[in-house]
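Visitor: My questions will all concern the structure given below.
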Amino acid sequence: MRATAYFSFLRLAVFGLGALGAGALAQPISNLVVTVGTTIQDPGGNHWSYVLIGSPDYQLLPGKQFAVYAKAGNPTDAGSYVQKGTMFQPTDPNAINALLTNSAALGENVILLTNALAILLHNYPAVANVTTPAQMVLLALHTAASDPGTAQMLGLLAHQHPGLLLCLGQGFAEPIAGTTTYEVREINPATGLASAEVVGRVTIVPGSPTILAAPGAPIQVLTNDPSDHLRIRLRWGTSDAYRRQALLSYGFNVWRMSYSQAQTEHYLSNPPITAGQLLADHNIMRINVAPVMATKDFSTSSGAGGANDPADTTTYFFADSNGHPQGPMPDFAHAVTNVLQADGSYHQVISPRAVPADYTNNPAFADGSQYYYFITACDILGRDGYVSPGGLGTACRRIPPPAPTNVVMRNTYRVQSTGDQQFLTVTWAQDLSTNDQVTHYWVYRWPDPTMVMTNDGNPASYCIGVVPLIPNSPTNYFQDNSASSPLTPGLTNYWYTVRAVSQESCPACDSLFSPNSMPVWAVLRQRSGPGAGAGQLLSSCGTPVVTYEGFNTPAGSGSLNVFNLNYLFVCQRTDPGITWVEYFSTNQLGQVTTLGPPSTVR
């Protein structure tokens, strides 16, 4: 096989690179066209060769004609090349019909091709008058001649339909009995003669098709995005050996089995090598409907540039949700035969593979379920190449709980024997829904409410506490009274939010954080008065004086000097400001005697 350029052909075909420029077009066409070939055996046991050409510039090949020469044996064997056919875009429905008939040997599904072209051309009124596949192809070729967008789509579609590639003038097929070497030469449109320059050369051995190199192991792209809810996103790398075979390839197939079954069958250490092993194991199923296209080139190495490149957390090639809730059931057919009818139409005969039981109703993945994946590259005729190493994928819940509501702040003041305590307490309504599966709440304190948005991506930033769910309780709370908490009354505002958290039981799945609640604010206020004042009353406005106005001498008492008389002094206060009273006695000589201790007044 001769390849004059090294590039990822399909990526260039998908995105349509446009003209190569005057300098490039001045080069020999052999430097701008890649020629490859393979072989296939039809249902009747006959071997066919399949030669195809391609270019990174989709505008280069349309309108050109190429002659196909062949000789028996290898390029160095004796013998002369003989022209076997031409590659060009036919304008006659009979010629198109003949090419479609030959393409049935290549596995072409003419019914699917016709349906695909009808969808592509649905905006053109003429499609309503089409009655045969040949007319549909002719309408597509005519439309593509004036519509570059249709031309690009036809080029892409042709890599899945060999019959269309033959009609585009970019492929050639014939029965083959032994090793044959083909040469492709451009035909001069002015003379109708083939150029002496060989555009491409390829040797084909019947029964020995080129088997595409194995891709790298599939890697799960893990995110916490809600669109990844119970969905496994995959990507993989490709080797240089595969990229050299790019023109012979068209997309990839994705195969899946349960992780536990992969362990039982020892596929972790001894994975399948050929697609035949995948087909023979009924625990493995192909889960893609159409070939999966790689939208970015990753290498098979690890790290930067590889499929597990940590710098790229968004690119993925295939998302597996077990067909739920969107997407049709995969096509498990592995043998398709198209039989030409007398009216020019085709009848499709399919030999389906048994549909796996767990795809009957397309149930959603269970949270935390794990699967083992393999990838095979598809060649231009839909055959699988060598099998990649296996890769593990885990389906996780990705829909977070809603933000907490009814968040309220209050000042808490406690009188304690060891000293009064004051702090802020936040309360909120609990989410008891079984669907949300909330297990914890994270509480945040912010110096500025605008920081809630700028720090949303880092759950640990400004988190001051984690509170477990209180079963069956309508509310929950958090007391901000740690050593780093604001405990001194002042004028500073503090802002608080709460996030609900659903912790995954599977270690491979991340916890789910709700959005922040609406911020609520609080201020630590002074809740106690000043202490009692100290001091004493040193004097009053006046000193009450009790004066005897007269004495009564008891009868029979005789002289006063011989009796010890006792007197009871009682003070009845009229002013509540008088608390106590002291009694003193004096005589005419001015001598003062204190009469007992201070007495409480009444």
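By convention here, the chains of the structure tokens are called A, B, ... in the order presented, each chain's residues are numbered starting at 1, and ligands are numbered starting at 1 in the order presented.
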Which neighbours of Met285 in chain A fall inside 7 Å, counting only C-alpha atoms, when residues of the same chain fewer than 6 positions from it are skipped, and could you give them as a PyMOL selection string?

Guide: chain A and resi 255-257

Visitor: Write out as a PyMOL selection string all residues of range 116-305 of chain A that backbone DSSP assigns to strand (DSSP E or B).

Guide: chain A and resi 171-175+180-187+194+200-204+219-220+232-235+249-258+285-286+292+299

Visitor: If I take CA of Ser260 in chain A and CA of Asp225 in chain A, how far is one from the other in Å, to one decimal?

Guide: 26.7 Å

Visitor: Write out as a list in words which residues come within 10 Å of Tyr250 in chain A when counting only C-alpha atoms, dropping same-chain ones fewer than 4 positions away.

Guide: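 After dropping sequence-adjacent residues, the list is Phe9, Leu10, Leu156, Ala158, His159, Gln160, Ala246, Pro291, Val292, Met293, Ala294, Ala377, Cys378, Asp379, Ile380, Leu381, Gly382 and Arg383 of chain A.
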
Visitor: Could you give me, as JSON lines, every range 170-246 of chain A residue with an atom at most 7 Å from range 38-61 of chain A, plus its closest atom pair and distance in Å to one decimal, counting only C-alpha atoms, rows ordered by chain then number?

Guide:
```
{"residue": "A:Gln170", "atom": "CA", "partner": "A:Ile53", "partner_atom": "CA", "distance": 5.4}
{"residue": "A:Gly171", "atom": "CA", "partner": "A:Leu52", "partner_atom": "CA", "distance": 4.2}
{"residue": "A:Phe172", "atom": "CA", "partner": "A:Val51", "partner_atom": "CA", "distance": 5.1}
{"residue": "A:Ala173", "atom": "CA", "partner": "A:Tyr50", "partner_atom": "CA", "distance": 4.6}
{"residue": "A:Glu174", "atom": "CA", "partner": "A:Trp48", "partner_atom": "CA", "distance": 5.4}
{"residue": "A:Pro175", "atom": "CA", "partner": "A:Trp48", "partner_atom": "CA", "distance": 4.2}
{"residue": "A:Ile176", "atom": "CA", "partner": "A:Trp48", "partner_atom": "CA", "distance": 5.2}
{"residue": "A:Ala177", "atom": "CA", "partner": "A:His47", "partner_atom": "CA", "distance": 6.8}
{"residue": "A:Ile204", "atom": "CA", "partner": "A:Thr38", "partner_atom": "CA", "distance": 6.1}
{"residue": "A:Pro206", "atom": "CA", "partner": "A:His47", "partner_atom": "CA", "distance": 5.9}
{"residue": "A:Gly207", "atom": "CA", "partner": "A:Thr39", "partner_atom": "CA", "distance": 6.7}
{"residue": "A:Ser208", "atom": "CA", "partner": "A:Thr39", "partner_atom": "CA", "distance": 6.8}
{"residue": "A:Pro209", "atom": "CA", "partner": "A:Thr39", "partner_atom": "CA", "distance": 5.0}
{"residue": "A:Thr210", "atom": "CA", "partner": "A:Thr38", "partner_atom": "CA", "distance": 6.0}
```

Visitor: Write the residues you've just listed into a file as a short mmCIF file (atom, residue, chain, number, x, y, z; two decimals), in the first residue's frame, and include all heavy atoms for each of them.

Guide:
```cif
data_model
loop_
_atom_site.label_atom_id
_atom_site.label_comp_id
_atom_site.auth_asym_id
_atom_site.auth_seq_id
_atom_site.Cartn_x
_atom_site.Cartn_y
_atom_site.Cartn_z
N GLN A 170 -14.58 7.49 -6.58
CA GLN A 170 -13.43 7.41 -5.67
C GLN A 170 -13.18 5.99 -5.20
O GLN A 170 -12.41 5.78 -4.26
CB GLN A 170 -13.65 8.34 -4.48
CG GLN A 170 -13.77 9.80 -4.87
CD GLN A 170 -14.11 10.71 -3.71
OE1 GLN A 170 -13.88 10.37 -2.56
NE2 GLN A 170 -14.68 11.88 -4.00
N GLY A 171 -13.84 5.01 -5.85
CA GLY A 171 -13.63 3.62 -5.46
C GLY A 171 -13.77 2.68 -6.64
O GLY A 171 -14.42 3.01 -7.65
N PHE A 172 -13.19 1.52 -6.49
CA PHE A 172 -13.24 0.49 -7.54
C PHE A 172 -13.30 -0.87 -6.86
O PHE A 172 -12.60 -1.11 -5.85
CB PHE A 172 -12.00 0.57 -8.44
CG PHE A 172 -11.88 -0.57 -9.41
CD1 PHE A 172 -12.59 -0.56 -10.60
CD2 PHE A 172 -11.06 -1.66 -9.12
CE1 PHE A 172 -12.48 -1.63 -11.49
CE2 PHE A 172 -10.94 -2.71 -10.01
CZ PHE A 172 -11.66 -2.70 -11.21
N ALA A 173 -14.14 -1.78 -7.41
CA ALA A 173 -14.27 -3.12 -6.83
C ALA A 173 -14.45 -4.14 -7.95
O ALA A 173 -15.10 -3.87 -8.96
CB ALA A 173 -15.46 -3.17 -5.87
N GLU A 174 -13.86 -5.32 -7.75
CA GLU A 174 -14.03 -6.42 -8.69
C GLU A 174 -13.70 -7.73 -7.99
O GLU A 174 -13.00 -7.75 -6.98
CB GLU A 174 -13.10 -6.24 -9.90
CG GLU A 174 -11.62 -6.38 -9.56
CD GLU A 174 -10.72 -6.45 -10.79
OE1 GLU A 174 -11.25 -6.44 -11.91
OE2 GLU A 174 -9.49 -6.54 -10.62
N PRO A 175 -14.21 -8.86 -8.51
CA PRO A 175 -13.80 -10.16 -7.96
C PRO A 175 -12.31 -10.37 -8.18
O PRO A 175 -11.73 -9.91 -9.17
CB PRO A 175 -14.64 -11.15 -8.78
CG PRO A 175 -15.77 -10.35 -9.34
CD PRO A 175 -15.22 -8.98 -9.57
N ILE A 176 -11.69 -11.07 -7.26
CA ILE A 176 -10.24 -11.28 -7.33
C ILE A 176 -9.94 -12.73 -6.96
O ILE A 176 -10.54 -13.28 -6.03
CB ILE A 176 -9.52 -10.28 -6.39
CG1 ILE A 176 -8.00 -10.37 -6.55
CG2 ILE A 176 -9.93 -10.48 -4.95
CD1 ILE A 176 -7.26 -9.30 -5.75
N ALA A 177 -9.02 -13.35 -7.69
CA ALA A 177 -8.71 -14.77 -7.47
C ALA A 177 -7.39 -14.97 -6.73
O ALA A 177 -7.22 -15.98 -6.04
CB ALA A 177 -8.66 -15.51 -8.81
N ILE A 204 -3.26 -6.23 -2.99
CA ILE A 204 -4.34 -6.83 -2.24
C ILE A 204 -4.22 -8.35 -2.32
O ILE A 204 -4.05 -8.90 -3.41
CB ILE A 204 -5.71 -6.37 -2.78
CG1 ILE A 204 -5.85 -4.85 -2.63
CG2 ILE A 204 -6.85 -7.08 -2.07
CD1 ILE A 204 -7.13 -4.29 -3.22
N PRO A 206 -6.29 -11.77 -1.46
CA PRO A 206 -7.62 -12.26 -1.09
C PRO A 206 -7.60 -12.97 0.26
O PRO A 206 -6.67 -13.74 0.56
CB PRO A 206 -7.96 -13.24 -2.21
CG PRO A 206 -7.09 -12.84 -3.35
CD PRO A 206 -5.83 -12.32 -2.74
N GLY A 207 -8.61 -12.69 1.06
CA GLY A 207 -8.70 -13.31 2.38
C GLY A 207 -7.81 -12.67 3.41
O GLY A 207 -7.79 -13.15 4.56
N SER A 208 -7.07 -11.63 3.05
CA SER A 208 -6.18 -10.96 4.00
C SER A 208 -6.45 -9.46 4.03
O SER A 208 -5.62 -8.66 3.58
CB SER A 208 -4.71 -11.23 3.65
OG SER A 208 -4.42 -12.60 3.69
N PRO A 209 -7.59 -9.06 4.51
CA PRO A 209 -7.87 -7.62 4.59
C PRO A 209 -6.99 -6.96 5.63
O PRO A 209 -6.48 -7.62 6.55
CB PRO A 209 -9.35 -7.58 5.01
CG PRO A 209 -9.56 -8.85 5.77
CD PRO A 209 -8.68 -9.88 5.09
N THR A 210 -6.79 -5.69 5.46
CA THR A 210 -6.04 -4.93 6.45
C THR A 210 -6.87 -4.83 7.73
O THR A 210 -8.00 -4.36 7.71
CB THR A 210 -5.73 -3.52 5.93
OG1 THR A 210 -4.96 -3.62 4.73
CG2 THR A 210 -4.97 -2.71 6.97
#
```
